[in-house]
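Okay, protein-v2.tsv now, which holds TSV, C-alpha atoms and all ligand atoms:
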```
chain	number	residue	atom	x	y	z
A	836	MET	CA	16.73	25.14	10.28
A	837	HIS	CA	14.68	25.53	7.11
A	838	ALA	CA	11.76	27.95	7.64
A	839	ALA	CA	9.28	25.40	6.27
A	840	ILE	CA	10.35	22.87	8.92
A	841	GLU	CA	10.13	25.54	11.62
A	842	SER	CA	6.56	26.43	10.64
A	843	ALA	CA	5.52	22.78	10.43
A	844	ASP	CA	6.98	22.22	13.89
A	845	ARG	CA	5.36	25.31	15.33
A	846	TYR	CA	1.90	25.00	13.74
A	847	GLY	CA	1.50	21.32	12.88
A	848	ALA	CA	0.58	18.33	15.00
A	849	HIS	CA	3.67	16.26	15.78
A	850	ASN	CA	2.28	12.97	14.50
A	851	TYR	CA	5.25	12.25	12.17
A	852	HIS	CA	9.03	12.29	12.51
A	853	PRO	CA	10.22	13.08	8.95
A	854	LEU	CA	13.80	13.14	7.75
A	855	ASP	CA	15.36	16.58	7.67
A	856	VAL	CA	14.73	17.38	3.98
A	857	VAL	CA	12.27	19.80	2.36
A	858	LEU	CA	11.16	18.68	-1.09
A	859	VAL	CA	10.08	21.26	-3.63
A	860	ARG	CA	9.95	19.38	-6.95
A	861	GLY	CA	9.70	15.87	-8.37
A	862	GLU	CA	10.15	14.33	-11.80
A	863	GLY	CA	10.21	10.62	-12.58
A	864	ALA	CA	12.22	8.76	-9.97
A	865	TYR	CA	13.86	11.93	-8.61
A	866	VAL	CA	12.94	14.72	-6.19
A	867	TRP	CA	14.74	17.99	-5.40
A	868	ASP	CA	15.08	19.93	-2.16
A	869	ALA	CA	14.94	23.69	-1.62
A	870	ASP	CA	18.69	24.01	-2.24
A	871	GLY	CA	18.44	22.27	-5.62
A	872	LYS	CA	19.96	19.01	-4.37
A	873	ARG	CA	18.68	15.94	-6.23
A	874	TYR	CA	17.62	12.68	-4.55
A	875	LEU	CA	16.56	9.29	-5.90
A	876	ASP	CA	13.21	8.59	-4.26
A	877	CYS	CA	13.37	5.07	-2.85
A	878	LEU	CA	10.11	5.35	-0.91
A	879	SER	CA	7.70	6.53	-3.63
A	880	ALA	CA	5.34	7.89	-0.97
A	881	TYR	CA	4.81	4.34	0.34
A	882	SER	CA	4.22	3.12	-3.26
A	883	ALA	CA	1.71	5.83	-4.22
A	884	VAL	CA	4.10	7.14	-6.87
A	885	ASN	CA	4.72	3.88	-8.77
A	886	GLN	CA	4.27	5.83	-12.04
A	887	GLY	CA	7.01	8.33	-11.07
A	888	HIS	CA	6.62	11.89	-9.83
A	889	CYS	CA	4.42	14.25	-11.83
A	890	HIS	CA	3.89	11.85	-14.71
A	891	PRO	CA	3.03	14.13	-17.68
A	892	LYS	CA	0.08	12.02	-18.89
A	893	ILE	CA	-1.55	11.95	-15.48
A	894	ALA	CA	-0.84	15.67	-15.01
A	895	ALA	CA	-2.47	16.45	-18.37
A	896	ALA	CA	-5.57	14.43	-17.47
A	897	MET	CA	-5.81	16.18	-14.10
A	898	ILE	CA	-5.42	19.68	-15.56
A	899	GLU	CA	-7.93	19.01	-18.34
A	900	GLN	CA	-10.50	17.63	-15.89
A	901	CYS	CA	-10.05	20.27	-13.20
A	902	GLN	CA	-10.95	22.96	-15.72
A	903	ARG	CA	-14.15	21.16	-16.67
A	904	LEU	CA	-15.74	19.53	-13.61
A	905	THR	CA	-14.16	18.49	-10.30
A	906	LEU	CA	-16.96	17.43	-8.00
A	907	SER	CA	-20.56	16.60	-8.71
A	908	SER	CA	-21.30	14.45	-5.62
A	909	ARG	CA	-22.96	11.09	-6.01
A	910	ALA	CA	-26.35	12.79	-5.92
A	911	PHE	CA	-25.88	13.06	-9.70
A	912	HIS	CA	-24.03	11.02	-12.30
A	913	ASN	CA	-20.80	12.33	-13.77
A	914	ASP	CA	-19.37	11.37	-17.16
A	915	ARG	CA	-16.01	10.11	-15.81
A	916	MET	CA	-16.94	7.55	-13.16
A	917	GLY	CA	-18.52	4.94	-15.46
A	918	PRO	CA	-15.56	4.74	-17.85
A	919	PHE	CA	-13.10	4.55	-14.94
A	920	LEU	CA	-15.06	1.75	-13.23
A	921	HIS	CA	-15.26	-0.13	-16.52
A	922	ARG	CA	-11.51	0.14	-17.14
A	923	LEU	CA	-10.70	-0.74	-13.52
A	924	CYS	CA	-12.81	-3.92	-13.59
A	925	GLU	CA	-11.52	-4.87	-17.03
A	926	ALA	CA	-7.88	-4.41	-15.97
A	927	THR	CA	-8.20	-6.17	-12.62
A	928	GLY	CA	-10.67	-8.94	-13.39
A	929	PHE	CA	-13.10	-8.00	-10.61
A	930	GLU	CA	-16.79	-7.66	-11.36
A	931	LYS	CA	-17.51	-4.45	-9.49
A	932	ALA	CA	-15.68	-1.54	-7.85
A	933	LEU	CA	-16.65	0.97	-5.17
A	934	LEU	CA	-14.61	4.17	-5.15
A	935	MET	CA	-13.41	5.91	-2.02
A	936	ASN	CA	-10.51	8.29	-1.29
A	937	SER	CA	-7.98	7.04	1.24
A	938	GLY	CA	-6.75	3.50	1.69
A	939	ALA	CA	-8.25	3.34	5.17
A	940	GLU	CA	-11.67	4.15	3.69
A	941	ALA	CA	-11.31	1.29	1.22
A	942	VAL	CA	-10.54	-1.03	4.15
A	943	GLU	CA	-13.54	0.34	6.09
A	944	THR	CA	-15.64	-0.38	3.00
A	945	ALA	CA	-14.31	-3.94	2.96
A	946	ILE	CA	-15.23	-4.39	6.62
A	947	LYS	CA	-18.78	-3.19	5.99
A	948	ALA	CA	-19.14	-5.35	2.88
A	949	VAL	CA	-17.96	-8.61	4.44
A	950	ARG	CA	-20.04	-8.11	7.57
A	951	LYS	CA	-23.17	-7.35	5.56
A	952	TRP	CA	-22.42	-10.34	3.34
A	953	GLY	CA	-22.10	-12.48	6.49
A	954	TYR	CA	-25.48	-11.40	7.85
A	955	SER	CA	-27.44	-11.27	4.59
A	956	LYS	CA	-25.93	-14.22	2.70
A	957	LYS	CA	-24.15	-16.53	5.12
A	958	GLY	CA	-26.78	-16.25	7.86
A	959	VAL	CA	-24.50	-15.14	10.72
A	960	PRO	CA	-26.61	-14.00	13.73
A	961	ASP	CA	-26.91	-10.21	13.96
A	962	GLY	CA	-23.95	-8.53	15.68
A	963	LYS	CA	-21.85	-11.72	15.77
A	964	ALA	CA	-19.73	-11.42	12.62
A	965	GLU	CA	-16.03	-12.15	13.09
A	966	ILE	CA	-13.20	-11.07	10.81
A	967	ILE	CA	-9.78	-12.71	11.06
A	968	TRP	CA	-6.73	-10.42	10.72
A	969	PHE	CA	-3.00	-11.03	11.16
A	970	ALA	CA	-0.48	-9.95	13.78
A	971	ASP	CA	1.61	-6.95	12.68
A	972	ASN	CA	-1.03	-5.92	10.14
A	973	PHE	CA	-1.25	-2.42	8.76
A	974	HIS	CA	-4.55	-1.33	7.23
A	975	GLY	CA	-4.75	2.38	8.09
A	976	ARG	CA	-5.44	4.71	10.98
A	977	THR	CA	-9.17	4.98	11.63
A	978	THR	CA	-10.40	4.05	15.09
A	979	THR	CA	-11.95	0.82	13.80
A	980	ILE	CA	-8.76	-0.20	12.01
A	981	VAL	CA	-6.31	0.59	14.81
A	982	GLY	CA	-8.63	-1.41	17.08
A	983	PHE	CA	-7.29	-4.63	15.50
A	984	SER	CA	-3.70	-3.44	15.14
A	985	THR	CA	-1.13	-5.31	17.22
A	986	GLU	CA	1.21	-2.30	17.32
A	987	PRO	CA	0.67	-0.82	20.80
A	988	GLN	CA	1.53	2.74	19.72
A	989	TYR	CA	-1.13	2.77	16.99
A	990	LYS	CA	-3.92	2.16	19.52
A	991	HIS	CA	-2.55	3.48	22.84
A	992	GLN	CA	-5.19	5.74	24.44
A	993	PHE	CA	-7.39	5.73	21.34
A	994	GLY	CA	-9.89	3.15	22.64
A	995	PRO	CA	-12.42	1.82	23.43
A	996	PHE	CA	-12.48	-0.43	20.38
A	997	GLY	CA	-15.28	-2.58	18.99
A	998	PRO	CA	-15.47	-6.39	19.05
A	999	GLY	CA	-15.57	-8.85	16.16
A	1000	HIS	CA	-11.87	-8.94	15.29
A	1001	VAL	CA	-9.69	-12.01	15.72
A	1002	ILE	CA	-5.90	-11.95	15.30
A	1003	VAL	CA	-3.71	-14.88	14.26
A	1004	PRO	CA	0.06	-15.00	13.61
A	1005	TYR	CA	0.93	-14.03	10.01
A	1006	GLY	CA	1.66	-16.96	7.73
A	1007	ASP	CA	0.46	-19.59	10.24
A	1008	ILE	CA	-2.09	-21.73	8.39
A	1009	GLU	CA	-2.87	-23.95	11.39
A	1010	ALA	CA	-3.65	-20.93	13.56
A	1011	LEU	CA	-5.86	-19.62	10.77
A	1012	ARG	CA	-7.72	-22.92	10.52
A	1013	ALA	CA	-8.24	-23.01	14.29
A	1014	ALA	CA	-9.57	-19.43	14.38
A	1015	ILE	CA	-12.42	-20.04	11.94
A	1016	THR	CA	-15.87	-20.34	13.56
A	1017	PRO	CA	-19.37	-20.51	12.08
A	1018	ASN	CA	-19.49	-16.71	12.54
A	1019	THR	CA	-16.31	-15.99	10.57
A	1020	VAL	CA	-17.22	-13.85	7.58
A	1021	ALA	CA	-13.77	-13.06	6.18
A	1022	ILE	CA	-10.03	-13.42	6.41
A	1023	VAL	CA	-8.36	-10.11	5.57
A	1024	GLY	CA	-4.61	-9.66	5.13
A	1025	GLU	CA	-1.75	-8.13	3.22
A	1026	PRO	CA	-0.17	-10.52	0.66
A	1027	ILE	CA	3.20	-9.17	1.89
A	1028	GLN	CA	3.23	-7.04	5.04
A	1029	GLY	CA	4.68	-3.67	4.04
A	1030	GLU	CA	4.67	-1.51	7.16
A	1031	ALA	CA	5.63	-4.48	9.34
A	1032	GLY	CA	8.98	-4.55	7.50
A	1033	ILE	CA	8.42	-6.37	4.17
A	1034	ILE	CA	7.35	-9.67	5.73
A	1035	GLN	CA	6.48	-12.52	3.36
A	1036	PRO	CA	4.42	-15.53	4.47
A	1037	PRO	CA	5.63	-19.03	3.52
A	1038	ASP	CA	5.07	-20.00	-0.13
A	1039	GLY	CA	1.64	-21.51	-0.55
A	1040	PHE	CA	0.17	-19.75	2.49
A	1041	TRP	CA	-2.38	-17.76	0.51
A	1042	ARG	CA	-3.28	-20.81	-1.58
A	1043	ALA	CA	-3.98	-22.68	1.65
A	1044	ALA	CA	-5.93	-19.72	3.03
A	1045	ARG	CA	-8.00	-19.66	-0.18
A	1046	ALA	CA	-8.80	-23.35	0.28
A	1047	LEU	CA	-9.79	-22.78	3.93
A	1048	CYS	CA	-12.12	-19.98	2.87
A	1049	ASP	CA	-13.73	-22.16	0.19
A	1050	ALA	CA	-14.24	-25.03	2.62
A	1051	ASN	CA	-15.82	-22.81	5.29
A	1052	ASN	CA	-17.86	-20.31	3.24
A	1053	VAL	CA	-15.58	-17.46	4.33
A	1054	LEU	CA	-14.51	-14.54	2.11
A	1055	LEU	CA	-10.84	-13.95	1.34
A	1056	VAL	CA	-10.03	-10.24	1.13
A	1057	LEU	CA	-6.54	-8.97	0.37
A	1058	ASP	CA	-5.32	-5.49	1.15
A	1059	GLU	CA	-3.21	-4.64	-1.92
A	1060	ILE	CA	-3.01	-0.92	-1.16
A	1061	GLN	CA	0.79	-1.16	-0.97
A	1062	THR	CA	1.58	-4.42	-2.79
A	1063	GLY	CA	-0.86	-3.92	-5.68
A	1064	LEU	CA	-0.63	-2.08	-9.00
A	1065	GLY	CA	2.70	-3.50	-10.07
A	1066	ARG	CA	4.90	-3.08	-7.00
A	1067	THR	CA	5.82	-6.76	-6.57
A	1068	GLY	CA	6.22	-7.54	-10.27
A	1069	LYS	CA	2.58	-8.44	-11.01
A	1070	LEU	CA	-0.49	-6.22	-11.14
A	1071	PHE	CA	-1.51	-7.86	-7.83
A	1072	ALA	CA	0.75	-9.69	-5.40
A	1073	PHE	CA	-1.84	-12.49	-5.08
A	1074	GLU	CA	-1.03	-13.51	-8.68
A	1075	HIS	CA	2.29	-14.94	-7.41
A	1076	GLU	CA	0.22	-17.57	-5.59
A	1077	GLY	CA	-2.07	-18.26	-8.54
A	1078	ILE	CA	-5.22	-17.46	-6.55
A	1079	ARG	CA	-8.12	-14.99	-6.75
A	1080	PRO	CA	-9.46	-13.40	-3.58
A	1081	ASP	CA	-13.15	-12.52	-3.33
A	1082	ALA	CA	-12.24	-8.87	-2.94
A	1083	VAL	CA	-9.28	-6.51	-2.71
A	1084	THR	CA	-8.59	-3.00	-1.52
A	1085	ILE	CA	-6.38	-0.72	-3.60
A	1086	GLY	CA	-5.31	2.91	-3.22
A	1087	LYS	CA	-1.95	4.67	-3.23
A	1088	ALA	CA	-0.71	4.16	-6.84
A	1089	LEU	CA	-4.29	4.15	-8.14
A	1090	SER	CA	-3.77	7.89	-8.66
A	1091	GLY	CA	0.00	7.86	-9.27
A	1092	GLY	CA	0.34	10.19	-6.30
A	1093	PHE	CA	-1.75	13.05	-7.67
A	1094	TYR	CA	-4.86	12.77	-5.59
A	1095	PRO	CA	-6.35	10.37	-3.03
A	1096	VAL	CA	-8.19	7.64	-4.94
A	1097	SER	CA	-8.97	4.22	-3.46
A	1098	ALA	CA	-11.27	1.36	-4.33
A	1099	PHE	CA	-12.84	-1.78	-2.97
A	1100	LEU	CA	-13.00	-4.36	-5.77
A	1101	ALA	CA	-15.20	-7.43	-5.42
A	1102	SER	CA	-17.35	-10.06	-7.02
A	1103	ASP	CA	-21.00	-9.26	-7.78
A	1104	ALA	CA	-22.04	-11.54	-4.91
A	1105	VAL	CA	-20.17	-9.38	-2.40
A	1106	MET	CA	-20.83	-5.95	-3.88
A	1107	ASP	CA	-24.56	-6.68	-4.22
A	1108	VAL	CA	-24.95	-6.28	-0.45
A	1109	PHE	CA	-24.79	-2.48	-0.83
A	1110	HIS	CA	-28.07	-0.69	-1.49
A	1111	PRO	CA	-28.67	3.05	-1.99
A	1112	GLY	CA	-27.91	4.88	1.25
A	1113	ASP	CA	-25.92	2.03	2.86
A	1114	HIS	CA	-22.51	3.61	2.34
A	1115	GLY	CA	-21.00	6.66	0.69
A	1116	SER	CA	-18.49	9.48	0.47
A	1117	THR	CA	-18.81	13.09	-0.70
A	1118	PHE	CA	-15.60	12.89	-2.73
A	1119	GLY	CA	-15.63	9.17	-3.59
A	1120	GLY	CA	-15.96	8.65	-7.35
A	1121	ASN	CA	-15.66	12.35	-8.16
A	1122	PRO	CA	-14.84	13.21	-11.79
A	1123	LEU	CA	-11.37	14.59	-11.01
A	1124	ALA	CA	-10.42	11.42	-9.11
A	1125	CYS	CA	-11.79	9.27	-11.94
A	1126	ALA	CA	-9.92	11.17	-14.66
A	1127	VAL	CA	-6.69	10.93	-12.65
A	1128	GLY	CA	-7.28	7.27	-11.76
A	1129	LEU	CA	-7.97	6.31	-15.36
A	1130	ALA	CA	-4.81	8.03	-16.59
A	1131	ALA	CA	-2.74	6.49	-13.77
A	1132	LEU	CA	-4.05	3.01	-14.60
A	1133	ASP	CA	-3.35	3.53	-18.31
A	1134	VAL	CA	0.25	4.57	-17.55
A	1135	LEU	CA	0.74	1.52	-15.34
A	1136	ILE	CA	-0.43	-0.82	-18.11
A	1137	ASP	CA	0.89	0.99	-21.22
A	1138	GLU	CA	4.37	1.40	-19.72
A	1139	GLN	CA	4.31	-2.22	-18.44
A	1140	LEU	CA	5.31	-1.14	-14.95
A	1141	PRO	CA	4.59	-4.50	-13.26
A	1142	GLN	CA	7.02	-6.11	-15.74
A	1143	ARG	CA	9.65	-3.49	-14.94
A	1144	ALA	CA	9.37	-4.38	-11.24
A	1145	ALA	CA	9.65	-8.05	-12.16
A	1146	GLU	CA	12.81	-7.41	-14.17
A	1147	LEU	CA	14.63	-4.90	-11.97
A	1148	GLY	CA	13.50	-6.24	-8.58
A	1149	PRO	CA	15.38	-9.57	-8.47
A	1150	TRP	CA	18.55	-7.93	-9.84
A	1151	PHE	CA	18.38	-5.11	-7.25
A	1152	LEU	CA	17.64	-7.57	-4.43
A	1153	ASP	CA	20.61	-9.68	-5.48
A	1154	GLU	CA	22.94	-6.66	-5.63
A	1155	LEU	CA	21.80	-5.61	-2.14
A	1156	ARG	CA	22.44	-9.14	-0.86
A	1157	ARG	CA	25.97	-9.07	-2.27
A	1158	ILE	CA	26.95	-6.06	-0.18
A	1159	PRO	CA	29.43	-7.40	2.41
A	1160	SER	CA	27.93	-5.49	5.31
A	1161	PRO	CA	28.52	-6.25	8.99
A	1162	HIS	CA	25.20	-4.48	9.77
A	1163	VAL	CA	22.69	-6.39	7.65
A	1164	ARG	CA	20.65	-9.23	9.13
A	1165	GLU	CA	18.56	-9.99	6.03
A	1166	VAL	CA	17.59	-8.62	2.63
A	1167	ARG	CA	14.14	-9.70	1.46
A	1168	GLY	CA	11.27	-8.73	-0.78
A	1169	LYS	CA	9.47	-9.24	-4.06
A	1170	GLY	CA	9.68	-7.09	-7.18
A	1171	LEU	CA	10.59	-3.57	-6.15
A	1172	LEU	CA	9.30	-3.92	-2.59
A	1173	ILE	CA	12.50	-4.67	-0.70
A	1174	GLY	CA	13.49	-4.54	2.95
A	1175	VAL	CA	17.01	-4.46	4.35
A	1176	GLU	CA	16.91	-5.48	8.00
A	1177	ILE	CA	19.63	-3.99	10.19
A	1178	LYS	CA	21.04	-6.09	13.05
A	1179	ARG	CA	20.01	-4.87	16.47
A	1180	GLU	CA	23.62	-4.63	17.59
A	1181	SER	CA	24.23	-2.16	14.73
A	1182	GLY	CA	21.55	0.18	16.07
A	1183	LYS	CA	18.37	1.30	14.36
A	1184	ALA	CA	17.70	1.76	10.65
A	1185	ARG	CA	17.09	5.49	10.91
A	1186	PRO	CA	20.74	6.64	11.08
A	1187	PHE	CA	21.38	4.61	7.91
A	1188	CYS	CA	18.46	6.40	6.23
A	1189	GLU	CA	19.87	9.75	7.37
A	1190	ARG	CA	23.27	8.94	5.86
A	1191	LEU	CA	21.63	7.76	2.63
A	1192	LYS	CA	19.71	11.03	2.49
A	1193	ASP	CA	22.97	12.99	2.77
A	1194	ARG	CA	24.20	10.93	-0.20
A	1195	GLY	CA	21.13	11.65	-2.35
A	1196	VAL	CA	19.03	8.53	-1.74
A	1197	LEU	CA	15.72	8.92	0.10
A	1198	CYS	CA	14.57	5.94	2.16
A	1199	LYS	CA	12.55	5.72	5.31
A	1200	GLU	CA	12.88	3.13	8.03
A	1201	THR	CA	9.89	1.03	8.94
A	1202	HIS	CA	9.58	-0.49	12.39
A	1203	ASP	CA	13.00	0.56	13.69
A	1204	GLN	CA	15.17	-2.10	12.05
A	1205	VAL	CA	14.16	-2.17	8.38
A	1206	ILE	CA	15.15	0.12	5.51
A	1207	ARG	CA	12.50	-0.12	2.80
A	1208	PHE	CA	13.55	0.24	-0.84
A	1209	ALA	CA	10.55	0.92	-3.07
A	1210	PRO	CA	11.55	3.26	-5.89
A	1211	PRO	CA	9.03	4.42	-8.52
A	1212	LEU	CA	8.55	1.59	-11.02
A	1213	ILE	CA	9.65	3.82	-13.91
A	1214	VAL	CA	13.15	3.85	-12.37
A	1215	GLN	CA	16.03	2.99	-14.73
A	1216	LYS	CA	18.68	0.38	-13.97
A	1217	ALA	CA	21.32	3.14	-14.16
A	1218	ASP	CA	19.49	5.09	-11.41
A	1219	LEU	CA	19.50	2.03	-9.18
A	1220	GLU	CA	23.19	1.44	-9.93
A	1221	LEU	CA	23.94	4.94	-8.64
A	1222	ALA	CA	21.83	4.26	-5.56
A	1223	LEU	CA	23.64	0.96	-4.96
A	1224	GLU	CA	26.98	2.78	-4.80
A	1225	GLN	CA	25.62	4.94	-1.99
A	1226	VAL	CA	23.97	2.02	-0.20
A	1227	ARG	CA	27.27	0.10	-0.36
A	1228	ALA	CA	29.11	3.07	1.14
A	1229	VAL	CA	26.62	3.45	3.98
A	1230	LEU	CA	26.31	-0.26	4.81
A	1231	THR	CA	30.01	-1.16	4.78
B	1	LIG	C1	-1.01	2.74	3.28
B	1	LIG	C2	-1.81	1.55	3.57
B	1	LIG	C3	-3.15	1.66	4.02
B	1	LIG	C4	-3.79	2.98	4.37
B	1	LIG	O1	-3.87	3.88	3.31
B	1	LIG	P1	-4.16	5.44	3.63
B	1	LIG	O2	-4.35	6.02	2.25
B	1	LIG	O3	-2.95	5.96	4.33
B	1	LIG	O4	-5.37	5.50	4.46
B	1	LIG	C5	-3.87	0.50	4.20
B	1	LIG	N1	-3.34	-0.70	3.95
B	1	LIG	C6	-2.07	-0.86	3.53
B	1	LIG	C7	-1.53	-2.23	3.27
B	1	LIG	C8	-1.25	0.27	3.35
B	1	LIG	O5	0.02	0.11	2.97
```

Could you take the file, read its structure, and then write that structure out as structure tokens?
Ligand SMILES: *Cc1c(COP(=O)(O)O)cnc(C)c1O
Amino acid sequence: MHAAIESADRYGAHNYHPLDVVLVRGEGAYVWDADGKRYLDCLSAYSAVNQGHCHPKIAAAMIEQCQRLTLSSRAFHNDRMGPFLHRLCEATGFEKALLMNSGAEAVETAIKAVRKWGYSKKGVPDGKAEIIWFADNFHGRTTTIVGFSTEPQYKHQFGPFGPGHVIVPYGDIEALRAAITPNTVAIVGEPIQGEAGIIQPPDGFWRAARALCDANNVLLVLDEIQTGLGRTGKLFAFEHEGIRPDAVTIGKALSGGFYPVSAFLASDAVMDVFHPGDHGSTFGGNPLACAVGLAALDVLIDEQLPQRAAELGPWFLDELRRIPSPHVREVRGKGLLIGVEIKRESGKARPFCERLKDRGVLCKETHDQVIRFAPPLIVQKADLELALEQVRAVLT
């Protein structure tokens, strides 16, 4: 066994079950292991590396900034946060942004914001705010967030959990309508469920959810941490439905994989609920994060990465669907967020991922039966053609 795996096993908590590969270098859509073997990265660190590994423009911004000022804390202003916030709001069409680090922190920020909005603006009685979530959601790993997960393993023996969370089946508009009460402050969901196995709600679901929110004075918040920033062929997945949520959470690709940077983006009316001292983070909005985030956002827009996902995604999906495999139950997805569901009688998805790894294509199963294909958005058609050859060999 590789010494690095041995040490990780011996000294690390066993909270992951990684594939048996030790990566030492990455460039663009490719990564290399310790023996110099090259792999096409079809996971992109769960879509954090949409811009490709070690993008030179983001690296240059990071190096320049880390030699000047890395952390000032929010006790003082820094010269990088304002310009980043400005660019972020301009690019996304939201009025204000609040910077955090991990995706889970952005979701926690959303929870605080919608509850405070409910009490201070909607007039919900203190302590009674309800948020509606969806079955099979994934929003992170904090104790609050796993409290409304429907995946038993994510919450087993981590309780007790707080109240105020209501769960309805994903994509079920009637269940959503029935779950709304006078104390509902927000509906929060993923436009496409990533960790659940690339699950898409029926067309028009989010438009109907938007209408329900408008009719009931409820906020619509979308978690675009995985689907956002170009992955599905638009800057945000909600654009496919022609709607605007009141707020979104983003993270992952917001830094192009260099550094944890996340944000809660909202209208003035929602963001105004925060006053000095209400919420914060030592590292949130630090100058290094802002320099990296700004460069990562520029790369995403200058290199038209959402358009690349829109062009390559449907072709790749179609090619995957054409594979005459006895093992595949369904191929689904949007843009370059694609899931290949393996039939139960063919076993789990992991052995397929292991065989793909041996053939130079890195994928990771999600929820036992689904192989997720989410290559960096800078990937070339020729790279995907090579990957398809390997996928064909493994699936047939
Ligand atoms: C990854 C993810 C998160 C959590 O992000 P972390 O940076 O791991 O905390 C939240 N929501 C969605 C939809 C995600 O895919």

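The smallest atom-to-atom distance between ligand LIG 1 (chain B) and any of A:Pro1111, A:Gly917, A:Gly863, A:Gly1086, using all atoms listed in the file, is found for A:Gly1086.
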
Once you count all atoms listed in the file, which residues end up within 9 Å of ligand LIG 1 (chain B), and could you hand them over as a PyMOL selection string? chain A and resi 881-883+936-942+972-977+1024-1030+1057-1062+1084-1087+1095-1097

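Nearest residue to Val1229 (chain A), choosing from A:Asp1007, A:Asp876, A:Asp1193, A:Glu1200 and counting all atoms listed in the file: A:Asp1193.
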
Around all listed atoms of region 1044-1058 of chain A, padded 8 Å per side, what centre and edge lengths does the axis-aligned box have in Å to one decimal, as AutoDock Vina command-line options?
```
--center_x -11.6 --center_y -15.3 --center_z 2.6 --size_x 28.5 --size_y 35.5 --size_z 21.5
```

Pick from A:Ala948, A:Ala1145, A:Val1003, A:Leu1140 nearest to Asp971 (chain A), counting only C-alpha atoms: A:Val1003

Which residues come within 12 Å of Leu1132 (chain A), counting only C-alpha atoms, excluding same-chain residues fewer than 3 positions away, as a VMD selection string? chain A and resid 884 to 886 890 892 to 893 896 919 to 927 1063 to 1065 1070 1085 to 1092 1096 1124 to 1129 1135 to 1141

How would the residues just chosen look if you wrote them out with C-alpha atoms as an mmCIF file, in the frame of the given file?
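What ended up in result_22.cif:
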```cif
data_model
loop_
_atom_site.group_PDB
_atom_site.id
_atom_site.type_symbol
_atom_site.label_atom_id
_atom_site.label_comp_id
_atom_site.auth_asym_id
_atom_site.auth_seq_id
_atom_site.Cartn_x
_atom_site.Cartn_y
_atom_site.Cartn_z
ATOM 1 C CA VAL A 884 4.100 7.140 -6.870
ATOM 2 C CA ASN A 885 4.720 3.880 -8.770
ATOM 3 C CA GLN A 886 4.270 5.830 -12.040
ATOM 4 C CA HIS A 890 3.890 11.850 -14.710
ATOM 5 C CA LYS A 892 0.080 12.020 -18.890
ATOM 6 C CA ILE A 893 -1.550 11.950 -15.480
ATOM 7 C CA ALA A 896 -5.570 14.430 -17.470
ATOM 8 C CA PHE A 919 -13.100 4.550 -14.940
ATOM 9 C CA LEU A 920 -15.060 1.750 -13.230
ATOM 10 C CA HIS A 921 -15.260 -0.130 -16.520
ATOM 11 C CA ARG A 922 -11.510 0.140 -17.140
ATOM 12 C CA LEU A 923 -10.700 -0.740 -13.520
ATOM 13 C CA CYS A 924 -12.810 -3.920 -13.590
ATOM 14 C CA GLU A 925 -11.520 -4.870 -17.030
ATOM 15 C CA ALA A 926 -7.880 -4.410 -15.970
ATOM 16 C CA THR A 927 -8.200 -6.170 -12.620
ATOM 17 C CA GLY A 1063 -0.860 -3.920 -5.680
ATOM 18 C CA LEU A 1064 -0.630 -2.080 -9.000
ATOM 19 C CA GLY A 1065 2.700 -3.500 -10.070
ATOM 20 C CA LEU A 1070 -0.490 -6.220 -11.140
ATOM 21 C CA ILE A 1085 -6.380 -0.720 -3.600
ATOM 22 C CA GLY A 1086 -5.310 2.910 -3.220
ATOM 23 C CA LYS A 1087 -1.950 4.670 -3.230
ATOM 24 C CA ALA A 1088 -0.710 4.160 -6.840
ATOM 25 C CA LEU A 1089 -4.290 4.150 -8.140
ATOM 26 C CA SER A 1090 -3.770 7.890 -8.660
ATOM 27 C CA GLY A 1091 0.000 7.860 -9.270
ATOM 28 C CA GLY A 1092 0.340 10.190 -6.300
ATOM 29 C CA VAL A 1096 -8.190 7.640 -4.940
ATOM 30 C CA ALA A 1124 -10.420 11.420 -9.110
ATOM 31 C CA CYS A 1125 -11.790 9.270 -11.940
ATOM 32 C CA ALA A 1126 -9.920 11.170 -14.660
ATOM 33 C CA VAL A 1127 -6.690 10.930 -12.650
ATOM 34 C CA GLY A 1128 -7.280 7.270 -11.760
ATOM 35 C CA LEU A 1129 -7.970 6.310 -15.360
ATOM 36 C CA LEU A 1135 0.740 1.520 -15.340
ATOM 37 C CA ILE A 1136 -0.430 -0.820 -18.110
ATOM 38 C CA ASP A 1137 0.890 0.990 -21.220
ATOM 39 C CA GLU A 1138 4.370 1.400 -19.720
ATOM 40 C CA GLN A 1139 4.310 -2.220 -18.440
ATOM 41 C CA LEU A 1140 5.310 -1.140 -14.950
ATOM 42 C CA PRO A 1141 4.590 -4.500 -13.260
#
```

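Among A:Cys1188, A:Leu934, A:Leu1219, A:Leu1047, the residue with the shortest atom-to-atom distance to Leu1152 (chain A), counting all atoms listed in the file, is A:Leu1219.
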
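CA of Val857 (chain A) sits 6.2 Å away from CA of Ala869 (chain A).
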
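The space between CA of Val1083 (chain A) and CA of Ile1206 (chain A) spans 26.6 Å.
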
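Look at Thr905 (chain A): the protein and nucleic acid residues within 10 Å of it, using all atoms listed in the file and passing over chain neighbours fewer than 2 places away, are A:Met897, A:Gln900, A:Cys901, A:Gln902, A:Arg903, A:Ser907, A:Ser908, A:Asn913, A:Phe1118, A:Asn1121, A:Pro1122, A:Leu1123, A:Ala1124, A:Cys1125, A:Ala1126.
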
For Ile1078 (chain A), find every residue with an atom within 10 Å (counting all atoms listed in the file), except residues of its own chain fewer than 5 positions away, and show them as a short mmCIF file (atom, residue, chain, number, x, y, z; two decimals) with C-alpha atoms, keeping the file's coordinate frame.
```
data_model
loop_
_atom_site.label_atom_id
_atom_site.label_comp_id
_atom_site.auth_asym_id
_atom_site.auth_seq_id
_atom_site.Cartn_x
_atom_site.Cartn_y
_atom_site.Cartn_z
CA GLY A 1039 1.64 -21.51 -0.55
CA TRP A 1041 -2.38 -17.76 0.51
CA ARG A 1042 -3.28 -20.81 -1.58
CA ALA A 1043 -3.98 -22.68 1.65
CA ALA A 1044 -5.93 -19.72 3.03
CA ARG A 1045 -8.00 -19.66 -0.18
CA ALA A 1046 -8.80 -23.35 0.28
CA ALA A 1072 0.75 -9.69 -5.40
CA PHE A 1073 -1.84 -12.49 -5.08
#
```
